[in-house]
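Peer 1: Handing you a structure now.
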Amino acid sequence: MQNDPADLIRGEGNWEEWNPTEDSIRPVRGKHRVAKQRGGIARSSTVLGVGVIAAVGAGGIATAQDKPAVSISLPDAITDSLPDAKSLPGMGALLGDDSDDDSGVTTGEAIVAATPLTTAGVSTADAQQGTTDASEVLRARILQQADQQQAAADAEAKQTAESAAAEQAAAEAKGQQDEAKADAAEKKRKAEEAAEAKAEAKRLANLAASYSLPTSSYTLTSTYGQSGAMWSSGQHTGLDFAAPTGTPVKAVHGGTIKSAGWSGSYGYRIVLELDDGTEIWYCHLSSMSVTSGNVGTGETIGNVGATGNVTGPHLHLEVHTPGGDGVDPASWLRGKGLSV
């Protein structure tokens with residue numbers, strides 16, 4: 001007994017299983033047709049399972065064995081118009097042969113279930129056994145990245161330490177080189193100074209052999225440039241050798257007697273001209289032994305006295321350059337290798 005469709009809509013009547021047949025299905029009129037779903041629909045539970053696995057595998061989250069097979073029944077009119085699963089792009093290799101083995105599992109199902117969705121961070125043994133878990137893959141990736149970052153940080157720190165050590169070693173080496181150069185320069189300078197001093201000493205010794213002090217057993221009482229009212233110019237123009245009257249006065253170097261006689265405040269004076277034009281004045285003499293001609297170094301030319309403007313017996317010695325300027329007799333004598 002068939003139920004009235006209106007009663008079924010109102011919830012009245014009994015539902016019975018409907019098995020459509022060719023006689024019960026009206027032919028499709030017009031241009032109406034069943035549109036294919038995007039991406040294709042599998043015609044069996046195996047195809048739908050593969051579709052789910054492919055969708056999940058794109059995100060790298062689960063493996064084929066994590067998803068149970070889903071069974072869907074469709075009318076033959078719809079399933080006949082669907083494309084074959086093997087013809088879908090990239091699905092033929094996954095499905096392979098759909099023949100069943102003794103366990104009732106098709107070859108395509110076995111291949112999909114045993115293959116991990118991604119091999120990144122997966123060991124060879126896990127890939128062969130098909131036991132890789134998505135969380136383990138993620139954990140392996142994180143650990144691998146952490147190890148790489150730590151290794152890079154360690155390498156950078158090592159390189160930095162090596163660079164710092166190299167710079168320090170270079171600085172120390174440069175410091176040692178600079179110190180060695182400074183020591184060598186200082187030794188060279190001292191050696192040059194010693195050589196110069198030795199040469200000067202030799203020169204002065206040679207000069208001393210040809211020069212002589214003007215008198216002996218003396219005391220220096222007034223120096224060159226000393227100020228005082230007793231001198232008409234306000235300053236002392238020579239060097240005073242105080243000694244007893246009659247003490248011999250000698251020629252400091254070989255030369256010619258230019259003049260000898262009374263000279264006012266200088267008393268008795270002898271002027272000795274050397275070969276280079278320098279004049280040596282001997283003043284306040286008590287007597288004059290040589291008044292003309294040439295004399296040699298150390299030859300006695302007069303005696304100490306107290307003639308002229310004096311306060312006691314002494315030899316007043318002056319030195320004048322060829323130009324006539326007066327110079328310090330003490331410095332001039334030291335320049336000739338004599339110590340006063």
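We label chains A, B, ... in the order they appear in the structure tokens, count residues from 1 in each chain, and number ligands from 1 in the order shown.
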Which residues are near stretch 295-302 of chain A? Cut-off 8 Å, only C-alpha atoms, ignore same chain within fewer than 2 positions. Put them as a ChimeraX atom specification.
Peer 2: /A:210-214,248-257,285-291,293,304
Peer 1: Tell me which protein, DNA and RNA residues are within 6 Å of A:Gly308, counting only C-alpha atoms, leaving out same-chain ones fewer than 6 positions away, and put them as a PyMOL selection string.
Peer 2: chain A and resi 265-267+284
Peer 1: Go ahead and save the picked residues with all heavy atoms, as a tab-separated table (two decimals), in the first residue's frame.
Peer 2:
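Written file, result_13.tsv:
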```
chain	number	residue	atom	x	y	z
A	265	SER	N	142.30	103.14	33.65
A	265	SER	CA	141.73	102.33	34.74
A	265	SER	C	142.16	100.87	34.66
A	265	SER	O	142.08	100.14	35.64
A	265	SER	CB	140.19	102.41	34.70
A	265	SER	OG	139.68	101.90	33.47
A	266	TYR	N	142.67	100.40	33.49
A	266	TYR	CA	143.13	99.02	33.34
A	266	TYR	C	144.56	98.86	33.90
A	266	TYR	O	145.05	97.75	34.03
A	266	TYR	CB	143.14	98.61	31.86
A	266	TYR	CG	141.73	98.31	31.30
A	266	TYR	CD1	141.15	99.17	30.38
A	266	TYR	CD2	141.03	97.17	31.68
A	266	TYR	CE1	139.90	98.91	29.85
A	266	TYR	CE2	139.78	96.91	31.16
A	266	TYR	CZ	139.20	97.77	30.24
A	266	TYR	OH	137.96	97.49	29.75
A	267	GLY	N	145.23	100.03	34.21
A	267	GLY	CA	146.62	99.92	34.66
A	267	GLY	C	147.50	99.50	33.50
A	267	GLY	O	147.23	99.82	32.34
A	284	HIS	N	145.90	95.27	34.82
A	284	HIS	CA	146.34	95.50	36.20
A	284	HIS	C	147.68	94.82	36.50
A	284	HIS	O	147.95	94.44	37.64
A	284	HIS	CB	145.29	95.03	37.22
A	284	HIS	CG	143.92	95.60	36.99
A	284	HIS	ND1	143.69	96.95	36.87
A	284	HIS	CD2	142.70	94.98	36.88
A	284	HIS	CE1	142.39	97.15	36.69
A	284	HIS	NE2	141.78	95.95	36.70
```
Peer 1: Please extract the residues of stretch 198-252 of chain A with a backbone DSSP assignment of strand (DSSP E) and present them as a list in words.
Peer 2: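 Result set for stretch 198-252 of chain A (strand (DSSP E)): Thr219, Leu220, Leu239, Asp240, Phe241, Ala242, Pro248, Val249 and Lys250 of chain A.
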Peer 1: Determine the nearest neighbour of A:Gly335 from the options A:Ala260, A:Val310, A:Ala134, A:Leu204, counting only C-alpha atoms.
Peer 2: A:Leu204
